[in-house]
Every structure is written in C-alpha cells, then in structure tokens.
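J.: Just work.cif, nothing more (mmCIF, C-alpha atoms):
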data_input
loop_
_atom_site.label_atom_id
_atom_site.label_comp_id
_atom_site.auth_asym_id
_atom_site.auth_seq_id
_atom_site.Cartn_x
_atom_site.Cartn_y
_atom_site.Cartn_z
CA MET A 1 17.44 2.87 -14.38
CA SER A 2 16.99 0.11 -11.80
CA VAL A 3 15.06 -3.07 -12.53
CA PRO A 4 11.36 -2.74 -11.53
CA VAL A 5 10.32 -4.63 -8.42
CA ILE A 6 6.71 -4.65 -9.65
CA GLU A 7 5.30 -4.33 -13.12
CA ALA A 8 1.63 -4.40 -14.09
CA ARG A 9 1.43 -4.97 -17.84
CA SER A 10 -1.50 -4.12 -20.11
CA ILE A 11 -4.10 -4.50 -17.36
CA ILE A 12 -7.73 -4.54 -18.49
CA LYS A 13 -10.72 -4.82 -16.14
CA SER A 14 -14.41 -4.30 -16.92
CA PHE A 15 -17.51 -4.17 -14.72
CA GLY A 16 -20.84 -4.68 -16.47
CA GLY A 17 -19.39 -3.75 -19.84
CA VAL A 18 -17.67 -0.60 -18.54
CA ARG A 19 -13.87 -0.55 -18.77
CA ALA A 20 -12.67 0.45 -15.29
CA VAL A 21 -9.03 -0.13 -16.28
CA ASP A 22 -8.23 0.03 -19.98
CA ASP A 23 -4.82 -1.33 -21.04
CA VAL A 24 -2.75 0.25 -18.24
CA THR A 25 0.92 -0.52 -17.60
CA VAL A 26 2.72 0.64 -14.43
CA THR A 27 6.26 -0.12 -13.22
CA VAL A 28 7.84 0.76 -9.87
CA SER A 29 11.47 0.31 -8.78
CA PRO A 30 12.92 -0.37 -5.31
CA GLY A 31 13.09 2.82 -3.23
CA GLU A 32 10.70 4.65 -5.56
CA ILE A 33 7.55 6.43 -4.38
CA HIS A 34 5.21 6.30 -7.36
CA ALA A 35 2.01 8.35 -7.31
CA VAL A 36 -1.17 7.19 -9.04
CA VAL A 37 -3.55 10.11 -9.55
CA GLY A 38 -6.83 10.85 -11.31
CA GLU A 39 -10.41 11.84 -10.59
CA ASN A 40 -12.89 9.56 -8.84
CA GLY A 41 -13.72 6.75 -11.25
CA ALA A 42 -10.38 6.97 -13.05
CA GLY A 43 -9.57 3.37 -12.13
CA LYS A 44 -6.92 3.96 -9.48
CA SER A 45 -8.32 1.78 -6.71
CA THR A 46 -9.37 -0.98 -9.12
CA LEU A 47 -5.85 -1.13 -10.53
CA MET A 48 -4.36 -1.32 -7.03
CA ARG A 49 -6.77 -4.09 -6.01
CA ILE A 50 -5.63 -6.05 -9.06
CA LEU A 51 -1.99 -5.61 -8.01
CA ALA A 52 -2.91 -6.87 -4.55
CA GLY A 53 -4.86 -9.83 -5.94
CA VAL A 54 -8.17 -8.63 -4.50
CA GLU A 55 -9.65 -8.18 -8.00
CA THR A 56 -8.99 -10.40 -11.02
CA ALA A 57 -7.89 -8.69 -14.23
CA ASP A 58 -9.67 -9.62 -17.47
CA SER A 59 -6.28 -9.58 -19.19
CA GLY A 60 -2.70 -8.50 -18.54
CA ASP A 61 -0.40 -9.69 -15.81
CA VAL A 62 1.47 -8.58 -12.68
CA GLN A 63 5.14 -9.39 -12.22
CA VAL A 64 7.29 -9.09 -9.11
CA ASP A 65 11.05 -9.21 -9.71
CA GLY A 66 10.33 -10.28 -13.28
CA ILE A 67 8.16 -13.26 -12.33
CA ALA A 68 4.43 -13.32 -13.10
CA ILE A 69 2.27 -14.01 -10.07
CA GLU A 70 -1.13 -15.65 -9.82
CA ASN A 71 -4.11 -13.34 -9.44
CA SER A 72 -4.98 -13.98 -5.79
CA ALA A 73 -4.54 -12.13 -2.52
CA LYS A 74 -2.36 -14.90 -1.10
CA SER A 75 -0.08 -14.94 -4.15
CA SER A 76 0.33 -11.16 -4.00
CA ILE A 77 1.13 -11.23 -0.27
CA ASP A 78 3.56 -14.11 -0.74
CA ALA A 79 5.24 -12.17 -3.57
CA GLY A 80 5.69 -9.17 -1.26
CA ILE A 81 2.79 -6.84 -2.11
CA SER A 82 0.95 -5.17 0.79
CA LEU A 83 -2.12 -2.96 0.25
CA VAL A 84 -3.43 -0.50 2.84
CA HIS A 85 -7.03 0.21 1.85
CA GLN A 86 -8.65 3.62 2.30
CA GLU A 87 -11.25 1.93 4.52
CA LEU A 88 -9.26 0.53 7.44
CA SER A 89 -9.78 -3.16 8.18
CA LEU A 90 -8.75 -3.32 11.84
CA VAL A 91 -10.81 -5.10 14.51
CA PRO A 92 -11.83 -2.45 17.10
CA GLU A 93 -11.96 -4.75 20.15
CA MET A 94 -8.63 -6.44 19.50
CA THR A 95 -5.30 -5.04 20.69
CA VAL A 96 -2.70 -3.22 18.63
CA ALA A 97 -0.41 -6.28 18.59
CA GLU A 98 -3.28 -8.61 17.65
CA ASN A 99 -4.32 -6.34 14.78
CA ILE A 100 -0.78 -6.14 13.41
CA PHE A 101 -0.84 -9.95 13.13
CA LEU A 102 -4.49 -10.26 12.14
CA GLY A 103 -4.90 -13.51 10.21
CA ALA A 104 -1.25 -14.49 10.72
CA PHE A 105 -0.75 -15.11 14.44
CA PRO A 106 2.52 -16.94 15.28
CA THR A 107 1.47 -20.22 16.91
CA ALA A 108 2.93 -23.34 18.49
CA GLY A 109 0.85 -26.39 19.40
CA GLY A 110 -2.33 -24.47 18.66
CA TRP A 111 -1.43 -21.63 21.06
CA THR A 112 -0.61 -18.08 20.04
CA LYS A 113 3.03 -17.18 20.73
CA THR A 114 2.15 -13.92 22.46
CA ARG A 115 5.69 -12.94 23.42
CA GLU A 116 6.96 -13.39 19.85
CA MET A 117 3.94 -11.54 18.47
CA LYS A 118 4.54 -8.55 20.75
CA LYS A 119 8.28 -8.46 19.97
CA VAL A 120 7.74 -8.36 16.22
CA ALA A 121 4.89 -5.86 16.60
CA ALA A 122 7.12 -3.61 18.73
CA ASP A 123 9.96 -3.89 16.21
CA THR A 124 7.61 -3.01 13.36
CA LEU A 125 6.19 0.04 15.14
CA ARG A 126 9.75 1.14 15.96
CA GLU A 127 10.67 0.79 12.28
CA ILE A 128 7.92 3.19 11.22
CA GLY A 129 8.61 5.51 14.16
CA VAL A 130 5.29 5.14 16.02
CA GLU A 131 4.84 4.75 19.78
CA VAL A 132 1.64 3.07 20.97
CA ASP A 133 0.74 0.59 23.72
CA LEU A 134 0.69 -2.90 22.20
CA ASP A 135 -2.08 -3.96 24.61
CA GLU A 136 -4.36 -0.99 23.84
CA ARG A 137 -7.57 -1.79 22.02
CA ILE A 138 -7.92 -0.26 18.56
CA SER A 139 -11.28 1.29 19.53
CA ARG A 140 -9.45 3.57 21.99
CA LEU A 141 -6.96 4.94 19.45
CA SER A 142 -7.17 8.13 17.41
CA VAL A 143 -7.85 7.92 13.67
CA ALA A 144 -4.18 8.71 12.97
CA LEU A 145 -2.88 5.94 15.22
CA ARG A 146 -5.29 3.48 13.62
CA GLN A 147 -3.88 4.47 10.24
CA PHE A 148 -0.33 3.91 11.50
CA VAL A 149 -1.26 0.51 12.98
CA GLU A 150 -2.72 -0.47 9.59
CA ILE A 151 0.58 0.50 7.96
CA ALA A 152 2.49 -1.44 10.62
CA ARG A 153 0.36 -4.47 9.81
CA ALA A 154 1.44 -4.16 6.17
CA ILE A 155 5.11 -3.61 7.06
CA ALA A 156 5.13 -6.64 9.41
CA ARG A 157 4.81 -8.81 6.29
CA ASN A 158 8.23 -7.54 5.10
CA PRO A 159 6.83 -6.37 1.76
CA LYS A 160 8.75 -5.38 -1.34
CA VAL A 161 5.88 -3.13 -2.42
CA LEU A 162 3.60 -1.05 -0.19
CA ILE A 163 0.41 0.35 -1.75
CA LEU A 164 -1.45 3.14 0.07
CA ASP A 165 -4.91 4.31 -1.05
CA GLU A 166 -5.57 7.92 0.07
CA PRO A 167 -3.76 7.42 3.41
CA THR A 168 -4.00 11.08 4.50
CA ALA A 169 -7.71 11.58 3.75
CA SER A 170 -8.67 11.73 7.45
CA LEU A 171 -5.43 13.07 8.94
CA THR A 172 -4.57 16.54 10.24
CA PRO A 173 -1.76 18.51 8.53
CA ALA A 174 0.71 17.57 11.33
CA GLU A 175 -0.27 13.89 11.12
CA THR A 176 0.02 14.04 7.34
CA ASN A 177 3.55 15.44 7.53
CA TYR A 178 4.52 12.67 9.95
CA LEU A 179 3.15 10.02 7.59
CA LEU A 180 4.92 11.52 4.56
CA GLU A 181 8.24 11.58 6.43
CA MET A 182 7.66 7.95 7.46
CA LEU A 183 7.13 6.91 3.85
CA GLN A 184 10.29 8.71 2.74
CA ARG A 185 12.27 6.82 5.40
CA LEU A 186 10.81 3.49 4.27
CA ALA A 187 11.60 4.27 0.62
CA GLY A 188 15.12 5.19 1.69
CA LYS A 189 15.51 1.61 2.90
CA GLY A 190 14.57 0.28 -0.54
CA LEU A 191 10.80 -0.24 -0.19
CA ALA A 192 8.81 0.46 -3.37
CA ILE A 193 5.74 2.55 -2.55
CA ILE A 194 2.66 3.20 -4.69
CA TYR A 195 0.83 6.27 -3.40
CA ILE A 196 -2.76 7.08 -4.42
CA SER A 197 -3.77 10.63 -3.57
CA HIS A 198 -5.96 13.53 -4.70
CA ARG A 199 -3.63 15.91 -2.86
CA ILE A 200 -1.19 17.14 -5.49
CA PRO A 201 1.14 18.99 -3.04
CA GLU A 202 1.76 15.66 -1.26
CA VAL A 203 2.60 14.02 -4.58
CA PHE A 204 5.18 16.69 -5.39
CA LYS A 205 6.59 16.56 -1.86
CA ILE A 206 7.46 12.86 -1.65
CA CYS A 207 6.97 11.12 -5.01
CA ASN A 208 9.65 10.40 -7.61
CA SER A 209 7.24 9.56 -10.41
CA VAL A 210 3.56 9.62 -11.27
CA THR A 211 1.00 7.73 -13.33
CA ILE A 212 -2.09 9.69 -14.36
CA LEU A 213 -5.32 7.86 -15.16
CA ARG A 214 -8.48 9.23 -16.75
CA ASP A 215 -11.61 7.13 -17.40
CA GLY A 216 -9.58 3.97 -16.88
CA LYS A 217 -6.97 4.91 -19.47
CA LEU A 218 -3.31 5.77 -18.99
CA VAL A 219 -2.75 9.48 -19.71
CA LEU A 220 0.97 9.44 -18.92
CA SER A 221 3.60 7.95 -16.64
CA ASP A 222 6.62 10.13 -16.01
CA SER A 223 9.05 11.49 -13.43
CA ILE A 224 7.82 14.25 -11.13
CA GLU A 225 10.73 16.45 -12.19
CA SER A 226 9.35 16.73 -15.71
CA LEU A 227 5.87 17.85 -14.57
CA THR A 228 4.18 20.78 -12.85
CA PRO A 229 1.16 20.66 -10.54
#
Mind turning this structure into structure tokens?
T.:
Amino acid sequence: MSVPVIEARSIIKSFGGVRAVDDVTVTVSPGEIHAVVGENGAGKSTLMRILAGVETADSGDVQVDGIAIENSAKSSIDAGISLVHQELSLVPEMTVAENIFLGAFPTAGGWTKTREMKKVAADTLREIGVEVDLDERISRLSVALRQFVEIARAIARNPKVLILDEPTASLTPAETNYLLEMLQRLAGKGLAIIYISHRIPEVFKICNSVTILRDGKLVLSDSIESLTP
C-alpha cells in the first residue's frame, strides 16, 4: 500500500459540548478517490474544514507527507490541501480568470500580471477539460460552469489533496458525469481526492475507498470493493 499523502489522526472537535467529530482517523494516498459519507450532522463537513485549516481541532493532528501541519488555512494551502466548499465562494462581478486567482493575483510593482494570470488560468481549465471565456463574468455562467471554475481555482494551487463537499448537489446528470470523469482523470495523474457525497451510486462509480461517519464517530474505513451500497 502506498504511503498516505494526507493523514488526519484521532481528530476531536466539539461545539457547545456536542462532539461533532469524535476521535476520527482518515488516511488518503496519492491517486486515491476517498469517499466520506454519512447523514447530515455526521461530522463530514466539520472534519473536512479541519483538514483545510478552516476549523481548529480540539485534539488530534493532520499530516501531509508524514509532516504535521499547523491548524490554519494558510498552512493547509501551503501544504497542498485545497477545499471546494458546497457553497461556492466566487465573486459574481469578477471574471473567470480573476476568480481562479482570487486572493493570489500574480503581481509585479503593485500591478496585476494579467497576461500571466490568463495563461495559468487557461492552462488550469485545459487540465480539467473545461472551455469557458476567461473574460466572462461569473454572474453570467451556469451553475455547472461556476462549479468547474471553483474546482479550477483549487487546481491552480497545484494541490496534493483536493477535497470536494457535495460537488454534484446542483448539477444535472450529464454535468455530474462530466465532473466524475474529470475527477477520475485528475486522480489518474496522482492527485488525492476526498469526496463527500450523499449519492451512493457516485461513490461506487469513482471511489476506491470510503469512510463512514455516524454522529461524529468513525463507523468504518474500507475499500469500496469490500462493501455493497
């Protein structure tokens, strides 16, 4: 078995005395698509926010390539963890290229290096197989294209781990299939993907392994091959 690229060990997180995540350990290897499933309130999104440094764990740690990282969004990004939230965080009146580099514009002498920004944005969209006008405003795009731009924004950071929280919730079946194929291509290039979904057929279609949570606790973590829907 390959060495994990990310490992969350014995994570505990409480809110107001309620254990949202209760001693959960998850490991994901390069090229693996790892599903995290469970009912609403199972602790899935909280656990993912801890991996991304958005929430601080009460105890436990997160390691990338065997090295523990500080619990902050910057440390997680620097370590190669990118989280695509269920609620998209794009700026509607900014362009596609600007949104891909939101908060990280390439600059020189205080000026944005627009040509470089557009080149990298175009390369990133090409990598995920999406065609969209770089100068188009986000407000004019379909929900699916906004979702793909959000993923492109995450991929532009050259992550080692991509976390997606219910990415197909607002997509049509055709758009969903396109997204699933995209994720399989990215995993084929060695990217570790953590995939949160309520849609069990999607999990069995693209995931290699699964972690099941219930009431914040780890029920099991196993390969998809050993399980049934």
J.: Any idea what's packed within 6 Å of region 49-64 of chain A, counting all atoms listed in the file, ignoring anything in its chain fewer than 4 positions away? Could you give it as an NGL selection string?
T.: :A and (5-13 or 68-69 or 71-73 or 76)
J.: With all atoms listed in the file as the atoms that count, which of A:Thr27, A:Ser75, A:Gln147, A:Thr114 lies nearest to Ser221 (chain A)?
T.: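 Between A:Thr27, A:Ser75, A:Gln147, A:Thr114, the residue approaching Ser221 (chain A) most closely is A:Thr27.
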J.: Quick one: residues within 9 Å of Pro30 (chain A), only C-alpha atoms counted, chain neighbours fewer than 6 positions away excluded, as a list in words?
T.: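 What passes the distance filter is Ser2, Val3, Pro4, Val5, Ile6, Lys160, Val161, Ala187, Lys189, Gly190, Leu191, Ala192 and Ile193 of chain A.
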J.: What is the CA of Asp165 (chain A) to CA of Ala97 (chain A) distance in Å?
T.: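 About the pair CA of Asp165 (chain A) and CA of Ala97 (chain A): they are 22.8 Å apart.
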J.: Tell me, in Å to one decimal, how far CA of Leu218 (chain A) is from CA of Gly41 (chain A).
T.: 13.0 Å
J.: Each residue of region 41-154 of chain A lying at most 10 Å from region 201-213 of chain A should get a row with its shortest atom-to-atom pair and the distance in Å to one decimal, counting only C-alpha atoms; could you produce that, ordered by chain and increasing number, as a tab-separated table?
T.:
residue	atom	partner	partner_atom	distance
A:Gly41	CA	A:Leu213	CA	9.3
A:Ala42	CA	A:Leu213	CA	5.6
A:Gly43	CA	A:Leu213	CA	6.9
A:Lys44	CA	A:Leu213	CA	7.1
J.: Identify the residues around (-11.5, -0.1, 12.2) within a radius of 9 Å, measuring from all atoms listed in the file in the coordinates stated by the file, and give them as a list in words.
T.: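 So the residues meeting the distance criterion are Glu87, Leu88, Ser89, Leu90, Val91, Pro92, Ile138, Ser139, Val143 and Arg146 of chain A.
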J.: Can you list, as a VMD selection string, every protein, DNA or RNA residue that comes within 9 Å of Lys118 (chain A) when you count all atoms listed in the file, leaving out same-chain residues fewer than 3 positions away?
T.: chain A and resid 97 to 98 113 to 115 121 to 123 134 to 135
J.: How would you write as a ChimeraX atom specification the residues that get within 7 Å of (-1.0, -1.9, 15.7) in the file's frame, counting all atoms listed in the file?
T.: /A:96-97,99-100,134,149-150,152-153
J.: Please compute the CA of Asp65 (chain A)-CA of Ala79 (chain A) distance, one decimal, in Å.
T.: 9.0 Å
J.: Which residues are near Leu145 (chain A)? Cut-off 12 Å, all atoms listed in the file, ignore same chain within fewer than 4 positions. Put them as a compact mmCIF listing (two decimals) with C-alpha atoms, keeping the file's coordinate frame.
T.:
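The result, written out as result.txt:
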# COMPACT_ATOMS: atom_id res chain seq x y z
CA LEU A 88 -9.26 0.53 7.44
CA LEU A 90 -8.75 -3.32 11.84
CA VAL A 96 -2.70 -3.22 18.63
CA LEU A 125 6.19 0.04 15.14
CA ILE A 128 7.92 3.19 11.22
CA GLY A 129 8.61 5.51 14.16
CA VAL A 130 5.29 5.14 16.02
CA GLU A 131 4.84 4.75 19.78
CA VAL A 132 1.64 3.07 20.97
CA ASP A 133 0.74 0.59 23.72
CA LEU A 134 0.69 -2.90 22.20
CA GLU A 136 -4.36 -0.99 23.84
CA ARG A 137 -7.57 -1.79 22.02
CA ILE A 138 -7.92 -0.26 18.56
CA SER A 139 -11.28 1.29 19.53
CA ARG A 140 -9.45 3.57 21.99
CA LEU A 141 -6.96 4.94 19.45
CA VAL A 149 -1.26 0.51 12.98
CA GLU A 150 -2.72 -0.47 9.59
CA ILE A 151 0.58 0.50 7.96
CA ALA A 152 2.49 -1.44 10.62
CA PRO A 167 -3.76 7.42 3.41
CA THR A 168 -4.00 11.08 4.50
CA SER A 170 -8.67 11.73 7.45
CA LEU A 171 -5.43 13.07 8.94
CA THR A 172 -4.57 16.54 10.24
CA GLU A 175 -0.27 13.89 11.12
CA THR A 176 0.02 14.04 7.34
CA TYR A 178 4.52 12.67 9.95
CA LEU A 179 3.15 10.02 7.59
J.: For Ser223 (chain A), which residue out of A:Leu83, A:His34, A:Ser29, A:Val18 is the nearest one, using only C-alpha atoms?
T.: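 Counting only C-alpha atoms, the residue closest to Ser223 (chain A) is A:His34.
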J.: Point out the residue among A:Val21, A:Leu220, A:Met117, A:Val84 with the least atom-to-atom distance to Phe148 (chain A), counting all atoms listed in the file.
T.: A:Val84
J.: List the spatial neighbours of Asn40 (chain A) as a list in words - criterion: any atom at most 12 Å away, only C-alpha atoms, same-chain residues fewer than 3 positions off excluded.
T.: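 Answer for this query is Ala20, Val36, Val37, Gly43, Lys44, Ser45, Thr46, Glu166, Ile196, Ser197, His198, Leu213, Arg214, Asp215 and Gly216 of chain A.
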